[in-house]
Amino acid sequence: MKYKMESIDLNVYFDEAHILKDVNLKIHEKTVTSLIGPSGCGKSTFIRTLNRMNDLIDTFKMSGTVKLDDEDIYDSKVDVVEVRKRIGMVFQKPNPFPKSIFENVAYGLKTHGMSNKELLKERVEESLKAAALWDEVKDKLDMSAMGLSGGQQQRLCIARTIAVNPEVILMDEPCSALDPISTTKIEDLIHKLKNEFTIIIVTHNMQQATRVSKHTAFFLHGEIVESGLTDKLFLEPEDKRTEDYITGRFG
Amino acid sequence: MQRKWEEFFIEKSLFIAAISSIIIIFLILAFIWGEGLPAIDAVGFFNFIFGTEWSPSHDLYGVLPMIVGSLYITGLSLLFAVPLSLCCAIFLAEIAPSNMRKILKPTIQALAGIPSVIYGFFGLIVLVPVIREQFGGSGFSILTASLILTVMILPTITSIAEDAIRSIPHEYKEASFGLGATQWQTIKNVLIPAAIPGIITAIILGLGRAIGETMAVIMVAGNVAKIPNSIFDPARALTANIALEMGYAQGLHYNALFATGIVLFFLIVILLVVTNYIHYKKGVTIGGGYL
């Protein structure tokens, strides 16, 4: 099995605060990896380090290596725009642009230079279908995305992400703002997408981790306590802290 | 019981304070209206608005040259100031490192605090000779006044437009960067379209300041009450017309100056209505969607 991404001795600081401590994690290609752990354990920071989203924060400092296909994405020769094109991201709060549904999905494509109208239409339709949203919005592509429900908005954000055809999709608690039915739809979608994309998902919900992911990493106080196959981690955790967390004794 | 009275008292006094400022504005309007209407009556509405001769000594009161002058000066200064201020605003909001912003922002805001007579004086001493040498004529011209006004309205437009851009939710920016957009693509395609309503508000306020400015314009515009042929000609603004002649005007002349005020008032109302309409149109349709 090939590793798509890998973090080696990753340390992250915001100002003086040491957020991630020597994080080593390998991400398998075309599978789903869950990152679990209590609030403030650094799992969101970790996922945002993987597509250099933390670069937007002035106080961000890091050491160590993050590799995508054996290439260090923090290397000074690497184009950060190229990295983010290859590693898409879905955020905690659905954040469609205040534009039409069509424009939302077409945004990334246009950004990367696609201007052929037919081609754009085709790609938008494909992406919306892949995100299981097409049937609900095909008659109102010109409507503002702000008029969609939260669950639809989140699927639109997923459609927008897969439209640019990334290799990795990062999901930062994509269901935390959604109702159970929308959550189920997103989880079904993740199952469908894992055949084509490498997916890393941050979740608070341990059932969700067991439902969607093959691998799981447990974060605590900025460190990875345990990582491995999801089934094993939940059924026979090696570390006492993992056991305490998954049995609900803290967190 | 006492608390109830206290609430009642505070509520009512706030109401009185709020309403009194509105009443004062209406009183001023009524006064200008009362003093100005007799002149429009005597001269005739069309003769007053479209008359091209302003010559109180011959009892000729045509205000068209001043309307044209005001529009010219305001329009040209907006033409200069809007692109410049937007560049400033974008730079401050998105590109400038935070410590540079901490210096630049107050500096730009300080420009708004300089008295207009200082701007006028600067224009008179520095700008007028430069324009005279470069473009001929007296140097007192629409162009000179517009350049001075550009600097005067720059801080207004910049700081409000900057606030508008900064108030765009961080999530939009992240979404755009997350899709592999560059910083400039994000600014151009997401931040500015989303900030358009605020940017238009900024331009309206700049416009209001430019059209109402009196002192700096009087000092550099030349104030000739004739319809200008080019931006190098001197011109007289509506505000300047009132300020220059109010000191000695009597009778019909006196009323005609108030009537100039009415014209100015309506000009501003028309511009506000137009810009508000654009505001409304832009506010509801961003990039083909409905907000």
# chains A, B, ... in the order shown; residues from 1 in each chain; ligands from 1

$ interface_residues --of "chain A" --to "chain B" --cutoff "7 Å" --atoms "only C-alpha atoms" --output "PDB file with C-alpha atoms, in the first residue's frame"
ATOM      1  CA  VAL A  81      -0.929  27.443  -4.900  1.00  0.00           C
ATOM      2  CA  GLU A  82      -0.024  24.171  -6.634  1.00  0.00           C
ATOM      3  CA  ARG A  84      -3.572  23.605  -2.462  1.00  0.00           C
ATOM      4  CA  LYS A  85      -4.754  22.652  -5.914  1.00  0.00           C
ATOM      5  CA  GLY A  88      -8.546  20.264  -1.458  1.00  0.00           C
ATOM      6  CA  MET A  89     -10.268  21.224   1.756  1.00  0.00           C
ATOM      7  CA  ASN A  95     -18.658  28.260   3.409  1.00  0.00           C
ATOM      8  CA  PHE A  97     -19.193  31.945  -1.804  1.00  0.00           C
ATOM      9  CA  PRO A  98     -22.034  34.487  -2.020  1.00  0.00           C
ATOM     10  CA  LYS A  99     -22.387  33.558  -5.667  1.00  0.00           C
ATOM     11  CA  SER A 100     -24.694  31.286  -7.641  1.00  0.00           C
ATOM     12  CA  GLY A 108     -11.887  26.705  -8.907  1.00  0.00           C
ATOM     13  CA  THR A 111      -9.312  30.102 -11.302  1.00  0.00           C
ATOM     14  CA  ASP A 142     -28.332  30.305 -11.071  1.00  0.00           C
ATOM     15  CA  MET A 143     -29.727  30.682  -7.577  1.00  0.00           C
ATOM     16  CA  SER A 144     -27.525  31.936  -4.789  1.00  0.00           C
ATOM     17  CA  MET A 146     -26.777  31.050   0.290  1.00  0.00           C
ATOM     18  CA  THR A 161     -13.517  20.875  -4.019  1.00  0.00           C
TER      19      THR A 161
END

$ residues_around --residues "Leu109 in chain A" --least-positions-apart "2" --cutoff "10 Å" --atoms "only C-alpha atoms" --output "number ranges by chain"
A: 103-107, 111-115, 119-120, 123-124, 160-161, 163-165; B: 179-181

$ atom_distance --atom1 "CA of Tyr280 in chain B" --atom2 "CA of Ala202 in chain B"
14.4 Å

$ atom_distance --atom1 "CA of Pro38 in chain A" --atom2 "CA of His204 in chain A"
7.2 Å

$ residues_around --residues "Arg211 in chain A" --least-positions-apart "6" --cutoff "12 Å" --atoms "only C-alpha atoms" --output "PyMOL selection string"
chain A and resi 32-34+183-184+186-188+190-191+201+203+205+230-231+234

$ write_last_selection --atoms "N, CA and C atoms" --output "PDB file, in the first residue's frame"
ATOM      1  N   VAL A  32      -9.766   6.369   3.696  1.00  0.00           N
ATOM      2  CA  VAL A  32     -10.171   7.451   4.586  1.00  0.00           C
ATOM      3  C   VAL A  32      -9.409   7.304   5.896  1.00  0.00           C
ATOM      4  N   THR A  33      -8.796   8.401   6.328  1.00  0.00           N
ATOM      5  CA  THR A  33      -8.115   8.410   7.614  1.00  0.00           C
ATOM      6  C   THR A  33      -8.824   9.393   8.531  1.00  0.00           C
ATOM      7  N   SER A  34      -9.207   8.923   9.718  1.00  0.00           N
ATOM      8  CA  SER A  34      -9.859   9.815  10.681  1.00  0.00           C
ATOM      9  C   SER A  34      -8.850  10.339  11.685  1.00  0.00           C
ATOM     10  N   THR A 183     -25.826  14.524   7.786  1.00  0.00           N
ATOM     11  CA  THR A 183     -24.591  13.842   8.162  1.00  0.00           C
ATOM     12  C   THR A 183     -24.494  12.488   7.451  1.00  0.00           C
ATOM     13  N   THR A 184     -25.600  11.745   7.452  1.00  0.00           N
ATOM     14  CA  THR A 184     -25.613  10.451   6.767  1.00  0.00           C
ATOM     15  C   THR A 184     -25.278  10.621   5.290  1.00  0.00           C
ATOM     16  N   ILE A 186     -23.515  12.964   3.869  1.00  0.00           N
ATOM     17  CA  ILE A 186     -22.091  13.272   3.699  1.00  0.00           C
ATOM     18  C   ILE A 186     -21.257  11.999   3.890  1.00  0.00           C
ATOM     19  N   GLU A 187     -21.647  11.181   4.875  1.00  0.00           N
ATOM     20  CA  GLU A 187     -20.879   9.951   5.116  1.00  0.00           C
ATOM     21  C   GLU A 187     -20.989   8.994   3.923  1.00  0.00           C
ATOM     22  N   ASP A 188     -22.199   8.888   3.370  1.00  0.00           N
ATOM     23  CA  ASP A 188     -22.366   8.060   2.167  1.00  0.00           C
ATOM     24  C   ASP A 188     -21.450   8.571   1.057  1.00  0.00           C
ATOM     25  N   ILE A 190     -18.696  10.226   1.392  1.00  0.00           N
ATOM     26  CA  ILE A 190     -17.287   9.927   1.678  1.00  0.00           C
ATOM     27  C   ILE A 190     -16.956   8.500   1.224  1.00  0.00           C
ATOM     28  N   HIS A 191     -17.888   7.571   1.491  1.00  0.00           N
ATOM     29  CA  HIS A 191     -17.674   6.195   1.038  1.00  0.00           C
ATOM     30  C   HIS A 191     -17.482   6.120  -0.469  1.00  0.00           C
ATOM     31  N   ILE A 201     -10.140  13.040   7.453  1.00  0.00           N
ATOM     32  CA  ILE A 201     -11.273  13.701   8.069  1.00  0.00           C
ATOM     33  C   ILE A 201     -11.050  13.886   9.571  1.00  0.00           C
ATOM     34  N   THR A 203     -12.794  14.482  13.046  1.00  0.00           N
ATOM     35  CA  THR A 203     -14.150  14.332  13.577  1.00  0.00           C
ATOM     36  C   THR A 203     -14.155  14.241  15.093  1.00  0.00           C
ATOM     37  N   ASN A 205     -16.823  12.889  16.369  1.00  0.00           N
ATOM     38  CA  ASN A 205     -17.794  11.834  16.556  1.00  0.00           C
ATOM     39  C   ASN A 205     -17.119  10.493  16.301  1.00  0.00           C
ATOM     40  N   THR A 230      -8.569   1.442  11.986  1.00  0.00           N
ATOM     41  CA  THR A 230      -9.666   1.918  12.822  1.00  0.00           C
ATOM     42  C   THR A 230     -10.222   0.807  13.701  1.00  0.00           C
ATOM     43  N   ASP A 231     -10.461  -0.360  13.089  1.00  0.00           N
ATOM     44  CA  ASP A 231     -11.040  -1.464  13.851  1.00  0.00           C
ATOM     45  C   ASP A 231     -10.191  -1.827  15.050  1.00  0.00           C
ATOM     46  N   PHE A 234     -10.137   0.912  17.847  1.00  0.00           N
ATOM     47  CA  PHE A 234     -11.337   1.005  18.671  1.00  0.00           C
ATOM     48  C   PHE A 234     -11.613  -0.265  19.475  1.00  0.00           C
TER      49      PHE A 234
END
